[in-house]
$ cat input.csv   # CSV, C-alpha atoms and all ligand atoms
chain,number,residue,atom,x,y,z
C,571,MET,CA,8.9,34.1,-11.8
C,572,LEU,CA,12.1,32.4,-12.9
C,573,HIS,CA,11.6,28.7,-13.5
C,574,ASP,CA,14.1,26.0,-14.4
C,575,PRO,CA,13.3,24.5,-17.8
C,576,ASN,CA,15.0,21.2,-16.8
C,577,HIS,CA,12.9,20.7,-13.7
C,578,LEU,CA,9.6,18.9,-13.7
C,579,TYR,CA,7.6,20.6,-11.0
C,580,ILE,CA,5.4,18.2,-9.0
C,581,PHE,CA,2.3,19.9,-7.7
C,582,ASP,CA,0.6,17.7,-5.1
C,583,THR,CA,-3.2,18.2,-4.6
C,584,THR,CA,-3.9,15.3,-2.3
C,585,LEU,CA,-5.0,17.8,0.4
C,586,ARG,CA,-7.4,19.6,-2.0
C,587,ASP,CA,-8.6,17.6,-5.0
C,588,GLY,CA,-7.9,14.4,-3.1
C,589,GLU,CA,-9.6,15.5,0.1
C,590,GLN,CA,-12.8,16.4,-1.9
C,591,VAL,CA,-13.6,12.7,-2.0
C,592,PRO,CA,-16.5,11.7,0.2
C,593,GLY,CA,-15.3,10.1,3.5
C,594,CYS,CA,-11.7,11.3,3.0
C,595,GLN,CA,-11.8,14.4,5.1
C,596,LEU,CA,-8.8,15.1,7.3
C,597,THR,CA,-8.3,17.1,10.4
C,598,THR,CA,-5.9,20.0,10.3
C,599,SER,CA,-3.2,18.1,12.3
C,600,GLU,CA,-3.5,15.1,9.9
C,601,LYS,CA,-3.1,17.5,7.0
C,602,ILE,CA,0.1,18.9,8.6
C,603,ASP,CA,1.4,15.4,9.2
C,604,ILE,CA,0.9,14.6,5.5
C,605,ALA,CA,2.2,17.9,4.3
C,606,LYS,CA,5.5,17.4,6.2
C,607,ASP,CA,5.9,14.0,4.5
C,608,LEU,CA,5.1,15.6,1.1
C,609,GLU,CA,7.9,18.1,1.9
C,610,LEU,CA,10.3,15.3,2.6
C,611,LEU,CA,9.1,13.4,-0.5
C,612,GLY,CA,10.3,16.4,-2.5
C,613,VAL,CA,7.2,17.9,-4.0
C,614,ASP,CA,7.5,21.5,-5.2
C,615,ILE,CA,4.0,22.7,-4.5
C,616,ILE,CA,1.4,21.6,-2.0
C,617,GLU,CA,-2.2,22.6,-2.8
C,618,ALA,CA,-3.4,23.1,0.8
C,619,GLY,CA,-7.1,23.7,0.2
C,620,PHE,CA,-9.9,25.9,-1.0
C,621,PRO,CA,-10.1,28.5,1.8
C,622,VAL,CA,-13.4,30.1,1.0
C,623,SER,CA,-15.2,26.7,1.0
C,624,SER,CA,-15.3,26.4,4.8
C,625,PRO,CA,-13.8,27.8,8.0
C,626,GLY,CA,-12.1,24.4,8.5
C,627,ASP,CA,-10.4,24.6,5.1
C,628,PHE,CA,-9.4,28.2,5.7
C,629,GLN,CA,-7.8,27.3,9.0
C,630,SER,CA,-6.0,24.3,7.4
C,631,VAL,CA,-4.4,26.6,4.8
C,632,VAL,CA,-3.3,29.0,7.6
C,633,GLU,CA,-1.7,26.2,9.7
C,634,LEU,CA,-0.1,24.5,6.7
C,635,SER,CA,1.4,27.8,5.7
C,636,LYS,CA,3.0,28.1,9.1
C,637,ALA,CA,4.1,24.5,9.3
C,638,VAL,CA,5.8,24.1,5.9
C,639,ASP,CA,9.0,26.0,5.1
C,640,ASN,CA,10.5,24.8,1.8
C,641,VAL,CA,7.6,24.2,-0.5
C,642,ILE,CA,5.2,26.5,-2.2
C,643,ILE,CA,1.8,26.6,-0.5
C,644,CYS,CA,-1.1,27.0,-2.9
C,645,ALA,CA,-4.7,27.9,-2.3
C,646,LEU,CA,-7.6,27.4,-4.7
C,647,THR,CA,-10.2,30.0,-5.6
C,648,ARG,CA,-12.9,30.6,-8.2
C,649,ALA,CA,-12.4,33.7,-10.4
C,650,ASN,CA,-14.1,36.2,-8.1
C,651,LYS,CA,-12.8,38.9,-5.8
C,652,ASN,CA,-14.1,37.4,-2.5
C,653,ASP,CA,-12.6,33.9,-3.0
C,654,ILE,CA,-9.2,35.6,-3.9
C,655,ASP,CA,-9.3,37.9,-0.8
C,656,VAL,CA,-10.0,35.0,1.5
C,657,ALA,CA,-7.3,32.9,-0.1
C,658,ALA,CA,-4.7,35.7,0.2
C,659,ASP,CA,-5.7,36.0,3.9
C,660,ALA,CA,-5.3,32.3,4.5
C,661,LEU,CA,-1.9,32.4,2.9
C,662,LYS,CA,-0.6,35.3,4.9
C,663,TYR,CA,2.0,33.1,6.8
C,664,ALA,CA,3.2,31.2,3.8
C,665,LYS,CA,6.8,31.7,3.0
C,666,ARG,CA,6.2,31.0,-0.7
C,667,PRO,CA,2.4,31.6,-1.4
C,668,ARG,CA,0.6,30.8,-4.6
C,669,ILE,CA,-3.0,31.6,-5.5
C,670,HIS,CA,-4.6,29.2,-7.9
C,671,THR,CA,-7.5,30.9,-9.6
C,672,GLY,CA,-9.6,30.0,-12.7
C,673,ILE,CA,-12.8,29.6,-14.6
C,674,GLY,CA,-14.4,27.3,-17.1
C,675,SER,CA,-13.0,27.4,-20.6
C,676,SER,CA,-15.2,24.9,-22.6
C,677,ASP,CA,-18.4,26.1,-24.3
C,678,MET,CA,-20.2,23.5,-22.1
C,679,HIS,CA,-19.1,25.3,-18.9
C,680,ILE,CA,-19.4,28.8,-20.3
C,681,GLN,CA,-23.0,28.2,-21.4
C,682,TYR,CA,-24.4,25.7,-18.8
C,683,LYS,CA,-22.3,26.5,-15.7
C,684,PHE,CA,-21.8,30.3,-16.0
C,685,ASN,CA,-24.7,31.1,-18.4
C,686,SER,CA,-22.2,33.5,-20.0
C,687,THR,CA,-20.3,34.2,-23.2
C,688,ARG,CA,-16.7,33.6,-24.2
C,689,GLU,CA,-15.9,37.3,-24.1
C,690,GLU,CA,-17.3,37.8,-20.6
C,691,ILE,CA,-15.5,34.7,-19.3
C,692,LEU,CA,-12.2,36.0,-20.8
C,693,GLU,CA,-12.7,39.3,-19.0
C,694,ARG,CA,-13.4,37.5,-15.7
C,695,ALA,CA,-10.3,35.3,-16.1
C,696,VAL,CA,-8.0,38.3,-16.6
C,697,ALA,CA,-9.6,40.3,-13.8
C,698,ALA,CA,-9.1,37.4,-11.4
C,699,VAL,CA,-5.4,37.0,-12.3
C,700,LYS,CA,-4.9,40.7,-11.9
C,701,HIS,CA,-6.6,40.7,-8.5
C,702,ALA,CA,-4.6,37.7,-7.3
C,703,LYS,CA,-1.4,39.4,-8.5
C,704,SER,CA,-2.2,42.3,-6.3
C,705,TYR,CA,-1.5,39.9,-3.3
C,706,VAL,CA,1.1,37.5,-4.5
C,707,GLU,CA,3.8,37.2,-7.2
C,708,ASP,CA,3.0,33.6,-8.0
C,709,VAL,CA,-0.4,33.2,-9.6
C,710,GLU,CA,-1.5,30.0,-11.3
C,711,PHE,CA,-4.6,30.1,-13.6
C,712,TYR,CA,-6.7,27.0,-14.4
C,713,ALA,CA,-8.8,26.9,-17.5
C,714,GLU,CA,-11.4,24.4,-16.2
C,715,ASP,CA,-12.6,21.7,-18.6
C,716,ALA,CA,-9.8,22.6,-21.0
C,717,GLY,CA,-9.9,19.0,-22.2
C,718,ARG,CA,-13.1,19.9,-24.0
C,719,ALA,CA,-12.4,23.5,-24.8
C,720,ASP,CA,-12.2,25.0,-28.3
C,721,LEU,CA,-8.4,25.2,-28.9
C,722,ALA,CA,-8.2,28.6,-30.5
C,723,TYR,CA,-10.3,30.1,-27.6
C,724,LEU,CA,-8.2,28.2,-25.0
C,725,ALA,CA,-5.0,29.7,-26.6
C,726,LYS,CA,-6.6,33.2,-26.5
C,727,MET,CA,-7.4,32.7,-22.8
C,728,VAL,CA,-4.0,31.4,-21.9
C,729,GLU,CA,-2.3,34.3,-23.7
C,730,ALA,CA,-4.5,36.8,-21.9
C,731,VAL,CA,-3.9,35.4,-18.4
C,732,ILE,CA,-0.2,35.3,-19.0
C,733,ALA,CA,-0.2,38.9,-20.1
C,734,ALA,CA,-2.2,39.7,-16.9
C,735,GLY,CA,0.6,38.1,-14.8
C,736,ALA,CA,-0.1,34.3,-14.5
C,737,THR,CA,3.1,32.5,-13.8
C,738,VAL,CA,1.6,29.0,-14.3
C,739,VAL,CA,-1.2,28.0,-16.7
C,740,ASN,CA,-3.1,24.9,-15.8
C,741,ILE,CA,-4.8,23.0,-18.6
C,742,PRO,CA,-7.1,20.7,-16.7
C,743,ASP,CA,-8.8,17.7,-18.3
C,744,THR,CA,-11.4,18.1,-15.6
C,745,ASN,CA,-13.6,15.3,-16.8
C,746,GLY,CA,-10.8,12.8,-17.8
C,747,TYR,CA,-12.1,13.0,-21.4
C,748,CYS,CA,-9.0,13.3,-23.6
C,749,LEU,CA,-6.9,10.5,-25.2
C,750,PRO,CA,-3.2,10.9,-24.6
C,751,ASP,CA,-2.4,12.0,-28.2
C,752,GLN,CA,-5.3,14.6,-28.0
C,753,TYR,CA,-4.1,16.0,-24.7
C,754,GLY,CA,-0.5,16.1,-25.8
C,755,ALA,CA,-1.5,17.8,-29.0
C,756,LYS,CA,-3.3,20.5,-27.0
C,757,ILE,CA,-0.2,21.3,-25.0
C,758,LYS,CA,1.9,21.3,-28.2
C,759,TYR,CA,-0.6,23.7,-29.8
C,760,LEU,CA,-0.4,26.1,-26.9
C,761,LYS,CA,3.4,25.9,-27.0
C,762,GLU,CA,3.4,26.8,-30.7
C,763,ASN,CA,0.6,29.3,-30.8
C,764,VAL,CA,0.6,31.3,-27.6
C,765,LYS,CA,3.2,34.0,-28.2
C,766,ASN,CA,4.0,34.7,-24.5
C,767,ILE,CA,3.9,31.0,-23.5
C,768,ASP,CA,7.5,30.9,-22.4
C,769,GLU,CA,6.8,33.4,-19.7
C,770,ALA,CA,4.8,30.8,-17.8
C,771,ILE,CA,4.9,27.1,-16.9
C,772,ILE,CA,2.3,24.8,-18.5
C,773,SER,CA,0.7,22.5,-16.0
C,774,ALA,CA,-1.1,19.2,-16.6
C,775,HIS,CA,-4.1,18.4,-14.3
C,776,CYS,CA,-5.7,15.2,-15.4
C,777,HIS,CA,-8.6,13.1,-14.0
C,778,ASN,CA,-8.9,9.4,-14.4
C,779,ASP,CA,-12.5,8.8,-15.6
C,780,LEU,CA,-11.2,6.7,-18.5
C,781,GLY,CA,-8.1,5.4,-16.7
C,782,LEU,CA,-5.9,7.7,-18.7
C,783,ALA,CA,-4.8,10.4,-16.2
C,784,THR,CA,-1.2,9.2,-15.9
C,785,ALA,CA,-0.9,8.6,-19.7
C,786,ASN,CA,-2.3,12.0,-20.4
C,787,SER,CA,0.0,13.7,-17.9
C,788,ILE,CA,3.0,12.0,-19.5
C,789,ALA,CA,1.9,13.0,-23.0
C,790,ALA,CA,1.7,16.6,-21.7
C,791,VAL,CA,5.3,16.5,-20.4
C,792,GLN,CA,6.4,15.0,-23.7
C,793,ASN,CA,4.9,18.1,-25.4
C,794,GLY,CA,6.2,20.8,-23.1
C,795,ALA,CA,4.3,20.8,-19.8
C,796,ARG,CA,6.7,21.3,-16.9
C,797,GLN,CA,4.3,20.9,-14.0
C,798,VAL,CA,2.2,17.9,-13.2
C,799,GLU,CA,-0.7,18.0,-10.7
C,800,CYS,CA,-1.2,14.8,-9.0
C,801,THR,CA,-2.1,13.0,-5.7
C,802,ILE,CA,-0.8,10.2,-3.6
C,803,ASN,CA,-2.5,6.9,-4.6
C,804,GLY,CA,-4.2,8.8,-7.4
C,805,ILE,CA,-7.0,9.8,-4.9
C,806,GLY,CA,-9.4,12.4,-6.1
C,807,GLU,CA,-12.8,13.4,-7.5
C,808,ARG,CA,-14.7,10.5,-9.0
C,809,ALA,CA,-12.2,8.0,-10.5
C,810,GLY,CA,-9.3,10.1,-9.1
C,811,ASN,CA,-6.4,12.3,-10.3
C,812,THR,CA,-3.1,11.5,-11.8
C,813,SER,CA,-1.1,9.3,-9.4
C,814,LEU,CA,2.1,11.0,-8.2
C,815,GLU,CA,4.0,7.8,-7.7
C,816,GLU,CA,3.2,6.6,-11.2
C,817,VAL,CA,4.4,9.8,-12.9
C,818,ALA,CA,7.6,9.8,-10.8
C,819,MET,CA,8.4,6.1,-11.6
C,820,ILE,CA,7.7,6.5,-15.3
C,821,MET,CA,10.1,9.4,-15.4
C,822,GLN,CA,12.7,7.2,-13.5
C,823,VAL,CA,12.2,4.0,-15.6
C,824,HIS,CA,12.1,5.9,-18.9
C,825,ALA,CA,14.6,8.7,-18.0
C,826,ASN,CA,16.2,8.5,-21.5
C,827,GLN,CA,12.8,9.6,-23.0
C,828,PHE,CA,13.1,12.8,-21.0
C,829,PRO,CA,16.7,14.0,-21.5
C,830,GLY,CA,17.8,16.6,-19.1
C,831,LEU,CA,14.5,16.7,-17.2
C,832,SER,CA,14.2,15.6,-13.6
C,833,SER,CA,12.1,16.1,-10.5
C,834,SER,CA,13.1,16.3,-6.9
C,835,ILE,CA,11.0,13.3,-5.8
C,836,ASN,CA,12.5,10.7,-3.4
C,837,SER,CA,10.7,7.6,-4.6
C,838,LYS,CA,12.0,5.6,-1.5
C,839,MET,CA,9.2,7.3,0.5
C,840,PHE,CA,6.3,6.0,-1.7
C,841,THR,CA,5.3,3.0,0.3
C,842,HIS,CA,5.3,4.9,3.6
C,843,ILE,CA,3.4,7.9,2.3
C,844,SER,CA,0.9,5.8,0.4
C,845,ARG,CA,0.1,3.8,3.5
C,846,LYS,CA,-0.2,6.9,5.6
C,847,VAL,CA,-2.6,8.6,3.2
C,848,SER,CA,-4.6,5.5,2.7
C,849,SER,CA,-5.1,5.0,6.4
C,850,MET,CA,-5.7,8.6,7.3
C,851,MET,CA,-8.2,9.1,4.4
C,852,ARG,CA,-9.8,5.7,5.0
C,853,MET,CA,-9.3,4.9,1.3
C,854,PRO,CA,-7.9,1.4,0.6
C,855,VAL,CA,-5.4,1.1,-2.2
C,856,GLN,CA,-6.5,-1.5,-4.8
C,857,PRO,CA,-4.1,-4.5,-4.5
C,858,ASN,CA,-3.1,-4.3,-8.2
C,859,LYS,CA,-2.4,-0.5,-8.1
C,860,ALA,CA,0.8,0.3,-9.9
C,861,ILE,CA,3.8,1.1,-7.7
C,862,VAL,CA,2.0,1.0,-4.3
C,863,GLY,CA,-0.6,-1.8,-4.5
C,864,LYS,CA,-0.1,-4.8,-2.2
C,865,ASN,CA,0.6,-7.0,-5.3
C,866,ALA,CA,2.7,-4.5,-7.2
C,867,PHE,CA,5.9,-6.5,-6.4
C,868,ALA,CA,4.3,-9.9,-5.7
C,869,HIS,CA,5.1,-12.8,-8.1
C,870,SER,CA,2.6,-15.6,-8.0
C,871,SER,CA,2.6,-17.8,-11.1
C,872,GLY,CA,5.2,-20.6,-11.4
C,873,ILE,CA,6.6,-19.3,-14.6
C,874,HIS,CA,7.2,-15.8,-13.3
C,875,GLN,CA,8.6,-17.1,-10.0
C,876,ASP,CA,11.0,-19.3,-11.7
C,877,GLY,CA,12.2,-16.6,-14.1
C,878,PHE,CA,12.4,-14.1,-11.2
C,879,LEU,CA,14.5,-16.4,-9.1
C,880,LYS,CA,16.9,-16.9,-12.0
C,881,HIS,CA,17.3,-13.2,-12.5
C,882,ARG,CA,15.0,-10.6,-10.9
C,883,GLU,CA,15.0,-8.3,-13.9
C,884,ASN,CA,13.2,-11.0,-15.9
C,885,TYR,CA,10.1,-9.8,-14.2
C,886,GLU,CA,11.0,-6.6,-12.4
C,887,ILE,CA,11.3,-3.2,-14.1
C,888,ILE,CA,11.4,-1.4,-10.8
C,889,ARG,CA,13.3,-2.5,-7.7
C,890,PRO,CA,11.0,-2.7,-4.7
C,891,GLU,CA,13.7,-1.0,-2.6
C,892,ASP,CA,13.4,2.0,-4.9
C,893,VAL,CA,9.9,2.6,-3.7
C,894,GLY,CA,10.6,1.9,-0.1
C,895,LEU,CA,9.7,-1.8,0.1
C,896,ALA,CA,12.1,-4.3,1.7
C,897,GLU,CA,11.9,-6.9,-1.0
C,898,ALA,CA,9.7,-8.5,-3.7
C,899,ASP,CA,7.2,-11.1,-2.7
C,900,ILE,CA,7.2,-14.7,-4.0
C,901,ILE,CA,3.7,-15.9,-3.0
C,902,LEU,CA,3.3,-19.6,-2.6
C,903,THR,CA,0.1,-20.9,-4.2
C,904,ALA,CA,-0.9,-24.0,-6.2
C,905,ARG,CA,0.6,-22.2,-9.3
C,906,SER,CA,4.1,-22.0,-7.8
C,907,GLY,CA,6.8,-24.3,-9.0
C,908,ARG,CA,9.5,-26.3,-7.2
C,909,HIS,CA,12.0,-23.4,-7.6
C,910,ALA,CA,9.8,-21.0,-5.6
C,911,LEU,CA,9.1,-23.7,-2.9
C,912,LYS,CA,12.9,-24.4,-2.6
C,913,HIS,CA,13.6,-20.7,-2.3
C,914,HIS,CA,11.1,-20.4,0.7
C,915,LEU,CA,12.3,-23.5,2.4
C,916,GLU,CA,15.9,-22.3,2.2
C,917,ARG,CA,14.9,-19.0,3.6
C,918,LEU,CA,13.5,-20.9,6.6
C,919,GLY,CA,16.7,-23.0,6.9
C,920,TYR,CA,15.7,-26.2,5.2
C,921,GLN,CA,18.2,-27.6,2.6
C,922,LEU,CA,16.5,-30.4,0.6
C,923,ASP,CA,18.0,-32.6,-2.1
C,924,LYS,CA,16.2,-33.2,-5.3
C,925,ASP,CA,14.3,-36.3,-4.3
C,926,ASN,CA,13.1,-34.9,-1.0
C,927,LEU,CA,12.1,-31.7,-2.6
C,928,ALA,CA,10.0,-33.7,-5.1
C,929,VAL,CA,8.2,-35.4,-2.2
C,930,ILE,CA,7.5,-32.2,-0.3
C,931,TYR,CA,6.4,-30.5,-3.5
C,932,GLU,CA,3.6,-33.1,-4.0
C,933,LYS,CA,2.4,-32.6,-0.5
C,934,PHE,CA,2.7,-28.8,-0.9
C,935,LEU,CA,0.4,-28.9,-4.0
C,936,ILE,CA,-2.3,-30.8,-2.1
C,937,MET,CA,-2.1,-28.3,0.7
C,938,ALA,CA,-2.1,-25.3,-1.7
C,939,ASP,CA,-5.1,-26.5,-3.5
C,940,ALA,CA,-7.0,-26.7,-0.3
C,941,LYS,CA,-5.6,-23.6,1.3
C,942,LYS,CA,-5.1,-21.1,-1.5
C,943,ASP,CA,-1.9,-19.4,-0.1
C,944,ILE,CA,0.7,-20.9,2.0
C,945,ASN,CA,2.6,-19.2,4.9
C,946,ASP,CA,5.7,-20.0,6.8
C,947,GLU,CA,3.9,-22.0,9.5
C,948,ASP,CA,2.4,-24.2,6.8
C,949,LEU,CA,5.8,-24.9,5.4
C,950,HIS,CA,7.1,-25.9,8.8
C,951,THR,CA,4.1,-28.3,9.1
C,952,LEU,CA,4.9,-29.8,5.7
C,953,LEU,CA,8.4,-30.6,6.8
C,954,LYS,CA,7.3,-32.3,10.1
W,1,LIG,O1,-10.2,19.3,-12.3
W,1,LIG,C1,-10.2,20.6,-12.3
W,1,LIG,O2,-10.5,21.2,-13.3
W,1,LIG,C2,-9.7,21.2,-11.0
W,1,LIG,C3,-9.5,22.7,-11.1
W,1,LIG,C4,-10.2,23.3,-9.9
W,1,LIG,C5,-8.0,22.9,-11.1
W,1,LIG,O3,-9.5,20.5,-10.0
W,2,ZN,ZN,-9.3,18.4,-10.5
$ encode --input "input.csv" --output "structure tokens" --more "lines below"
Ligand code: KIV
Ligand code: ZN
Amino acid sequence: MLHDPNHLYIFDTTLRDGEQVPGCQLTTSEKIDIAKDLELLGVDIIEAGFPVSSPGDFQSVVELSKAVDNVIICALTRANKNDIDVAADALKYAKRPRIHTGIGSSDMHIQYKFNSTREEILERAVAAVKHAKSYVEDVEFYAEDAGRADLAYLAKMVEAVIAAGATVVNIPDTNGYCLPDQYGAKIKYLKENVKNIDEAIISAHCHNDLGLATANSIAAVQNGARQVECTINGIGERAGNTSLEEVAMIMQVHANQFPGLSSSINSKMFTHISRKVSSMMRMPVQPNKAIVGKNAFAHSSGIHQDGFLKHRENYEIIRPEDVGLAEADIILTARSGRHALKHHLERLGYQLDKDNLAVIYEKFLIMADAKKDINDEDLHTLLK
């Protein structure tokens, strides 16, 4: 498969790793609704499900394959013949199908999950890729728990699966274990030591158990990964997966750190898609979540509000309109200064001179101490 070395492929797994979260299950029509938005958002790959896991998941992959035209539709399997046969069947209507197969790569998984040996696991990995390849051209291999795998063994496995036909090699930090420099070094090692590595795309798949999923994914990109696996709102197993919106905005804000590299993401859709996924999956977004949290563009302390009103870039590294929000929020609380109060009063049509503003400000502070935050109605009351 030919890939563009200057493109960062965004692989969305909201509908697979995200949907595994208890309470987040979606109906097939909800999945289609989200998938169509993901297509508009500009993701390159949608992981639609794990077809062998249930008839419902199988059907969702079938329906998503029919509904989506321009994005690769991917189905997850374990490294066995039956899973792969079922996934290939579920993908039969996909215009651009991908099978994502794999097996554990750490000694922990090899010993305690598979009760096996490194040699046997390697053979199973190669056999799975070859079998998937008999159905589709595009085969992604995941080396589960690569974050804790022995590096030389991981390199051997990656080389073998690429030789067997894998087009993408996924290096999951399944348990969110690595530090960014460790995960970045792993990718660098594979780049430098796997002789056929340029025949495949390296993919980062990070979990957030230590709050490092985004940092680790970025470290992977800095060291040669060209696909990032992520979810809307960072939803996913346990503490979640890498958050798609965080990766995209880091790439945008720090574009000069990634010369010549770009993705197709339209960040203006973030607020809309984040709210849709949150409500359909019944999973609230924490208010202080980067990019899409309710407070991500809300300025509340007096010092910040004053600086923001003098020049928004004093306290704004991303413009809210770039993520689909109408404007930043200046929240009126007892920590707000006169400048913020004046701004809100002018917005409501009140022009006050300095002395009158000082009087109203005193009243405002008393009200704000009692009421915590102040809305437009409260301001009208103050002026009466
Ligand atoms: O975290 C993980 O290792 C996974 C694989 C199945 C890709 O989700
Ligand atoms: Zn995962």
$ residues_near_ligand --input "input.csv" --ligand "ligand ZN 2 (chain W)" --cutoff "10 Å" --atoms "only C-alpha atoms and all ligand atoms" --output "PyMOL selection string"
chain C and resi 583+586-588+590+712+714-715+742-746+775-778+799-800+806-808+810-812
$ closest_residue --input "input.csv" --among "C:Ala605, C:Ile936, C:Ala695, C:Val738" --to "C:Val638" --atoms "only C-alpha atoms"
C:Ala605
$ closest_atom_pairs --input "input.csv" --of "stretch 580-685 of chain C" --to "stretch 697-702 of chain C" --cutoff "8 Å" --atoms "only C-alpha atoms" --output "JSON lines"
{"residue": "C:Ala649", "atom": "CA", "partner": "C:Ala698", "partner_atom": "CA", "distance": 5.1}
{"residue": "C:Asn650", "atom": "CA", "partner": "C:Ala698", "partner_atom": "CA", "distance": 6.1}
{"residue": "C:Lys651", "atom": "CA", "partner": "C:Ala698", "partner_atom": "CA", "distance": 6.9}
{"residue": "C:Ile654", "atom": "CA", "partner": "C:Ala702", "partner_atom": "CA", "distance": 6.1}
{"residue": "C:Ala658", "atom": "CA", "partner": "C:Ala702", "partner_atom": "CA", "distance": 7.8}
{"residue": "C:Ile669", "atom": "CA", "partner": "C:Ala702", "partner_atom": "CA", "distance": 6.6}
{"residue": "C:Thr671", "atom": "CA", "partner": "C:Ala698", "partner_atom": "CA", "distance": 6.9}
{"residue": "C:Gly672", "atom": "CA", "partner": "C:Ala698", "partner_atom": "CA", "distance": 7.5}
$ atom_distance --input "input.csv" --atom1 "atom CA of C:Arg905" --atom2 "atom CA of C:Lys941"
12.4 Å
$ residues_around --input "input.csv" --residues "C:Ile691" --least-positions-apart "3" --cutoff "10 Å" --atoms "all atoms listed in the file" --output "number ranges by chain"
C: 649, 673-675, 680, 684-688, 694-697, 727
$ residues_near_point --input "input.csv" --point "(-8.2, 35.2, -22.1)" --cutoff "7 Å" --atoms "all atoms listed in the file" --output "list in words"
Leu692, Glu693, Ala695, Val696, Lys726, Met727, Val728, Glu729, Ala730 and Val731 of chain C
$ residues_around --input "input.csv" --residues "C:Ala785" --least-positions-apart "6" --cutoff "9 Å" --atoms "only C-alpha atoms" --output "VMD selection string"
chain C and resid 749 to 750 812 817
$ residues_around --input "input.csv" --residues "stretch 822-833 of chain C" --least-positions-apart "6" --cutoff "6 Å" --atoms "only C-alpha atoms" --output "number ranges by chain"
C: 576-578
$ closest_residue --input "input.csv" --among "C:Ala716, C:Leu596, C:Ala809, C:Leu634" --to "ligand LIG 1 (chain W)" --atoms "all atoms listed in the file"
C:Ala716
$ residues_around --input "input.csv" --residues "C:Val798" --least-positions-apart "2" --cutoff "6 Å" --atoms "all atoms listed in the file" --output "PyMOL selection string"
chain C and resi 580-581+773-774
$ atom_distance --input "input.csv" --atom1 "atom CA of C:Glu707" --atom2 "atom CA of C:Tyr753"
28.6 Å
$ atom_distance --input "input.csv" --atom1 "atom CA of C:Asp653" --atom2 "atom CA of C:Gly619"
12.0 Å
$ residues_around --input "input.csv" --residues "C:Leu760" --least-positions-apart "5" --cutoff "12 Å" --atoms "only C-alpha atoms" --output "ChimeraX atom specification"
/C:716,720-729,739-741,753-755,765-768,770-773,790,793-795
$ closest_residue --input "input.csv" --among "C:Lys924, C:His950, C:Arg648, C:Lys912" --to "ligand LIG 1 (chain W)" --atoms "only C-alpha atoms and all ligand atoms"
C:Arg648
$ closest_residue --input "input.csv" --among "C:Ser676, C:Ile642, C:His573, C:Gln629" --to "ligand LIG 1 (chain W)" --atoms "only C-alpha atoms and all ligand atoms"
C:Ser676
$ closest_residue --input "input.csv" --among "C:Lys942, C:Ala818, C:Ser599, C:Gly894" --to "C:Thr841" --atoms "all atoms listed in the file"
C:Gly894
$ closest_residue --input "input.csv" --among "C:Ile861, C:Ile604, C:Leu782, C:Met678" --to "C:Leu895" --atoms "all atoms listed in the file"
C:Ile861
$ residues_near_point --input "input.csv" --point "(1.8, 2.0, -15.8)" --cutoff "12 Å" --atoms "only C-alpha atoms" --output "list in words"
Gly781, Leu782, Ala783, Thr784, Ala785, Asn786, Ile788, Thr812, Ser813, Leu814, Glu815, Glu816, Val817, Ala818, Met819, Ile820, Met821, Val823, His824, Asn858, Lys859, Ala860, Ile861, Val862, Ala866, Ile887 and Ile888 of chain C
$ decode --input "input.csv" --residues "stretch 681-688 of chain C" --atoms "N, CA, C and O atoms" --output "PDB file, in the first residue's frame"
ATOM      1  N   GLN C 681       3.229 -15.272  28.472  1.00  0.00           N
ATOM      2  CA  GLN C 681       3.206 -16.310  29.507  1.00  0.00           C
ATOM      3  C   GLN C 681       1.848 -16.443  30.176  1.00  0.00           C
ATOM      4  O   GLN C 681       1.293 -17.531  30.273  1.00  0.00           O
ATOM      5  N   TYR C 682       1.284 -15.329  30.635  1.00  0.00           N
ATOM      6  CA  TYR C 682       0.087 -15.428  31.491  1.00  0.00           C
ATOM      7  C   TYR C 682      -1.237 -15.265  30.750  1.00  0.00           C
ATOM      8  O   TYR C 682      -2.283 -15.556  31.298  1.00  0.00           O
ATOM      9  N   LYS C 683      -1.197 -14.782  29.514  1.00  0.00           N
ATOM     10  CA  LYS C 683      -2.456 -14.676  28.773  1.00  0.00           C
ATOM     11  C   LYS C 683      -2.563 -15.827  27.783  1.00  0.00           C
ATOM     12  O   LYS C 683      -3.619 -16.422  27.623  1.00  0.00           O
ATOM     13  N   PHE C 684      -1.427 -16.150  27.153  1.00  0.00           N
ATOM     14  CA  PHE C 684      -1.458 -17.188  26.106  1.00  0.00           C
ATOM     15  C   PHE C 684      -0.812 -18.502  26.547  1.00  0.00           C
ATOM     16  O   PHE C 684      -0.869 -19.480  25.805  1.00  0.00           O
ATOM     17  N   ASN C 685      -0.170 -18.498  27.693  1.00  0.00           N
ATOM     18  CA  ASN C 685       0.539 -19.699  28.169  1.00  0.00           C
ATOM     19  C   ASN C 685       1.371 -20.288  27.024  1.00  0.00           C
ATOM     20  O   ASN C 685       1.263 -21.463  26.696  1.00  0.00           O
ATOM     21  N   SER C 686       2.168 -19.433  26.425  1.00  0.00           N
ATOM     22  CA  SER C 686       2.852 -19.820  25.196  1.00  0.00           C
ATOM     23  C   SER C 686       4.321 -19.408  25.250  1.00  0.00           C
ATOM     24  O   SER C 686       4.848 -19.073  26.315  1.00  0.00           O
ATOM     25  N   THR C 687       4.967 -19.463  24.104  1.00  0.00           N
ATOM     26  CA  THR C 687       6.382 -19.067  24.033  1.00  0.00           C
ATOM     27  C   THR C 687       6.517 -17.965  22.968  1.00  0.00           C
ATOM     28  O   THR C 687       5.647 -17.804  22.108  1.00  0.00           O
ATOM     29  N   ARG C 688       7.635 -17.254  23.033  1.00  0.00           N
ATOM     30  CA  ARG C 688       7.877 -16.188  22.043  1.00  0.00           C
ATOM     31  C   ARG C 688       7.814 -16.752  20.620  1.00  0.00           C
ATOM     32  O   ARG C 688       7.228 -16.138  19.726  1.00  0.00           O
TER      33      ARG C 688
END
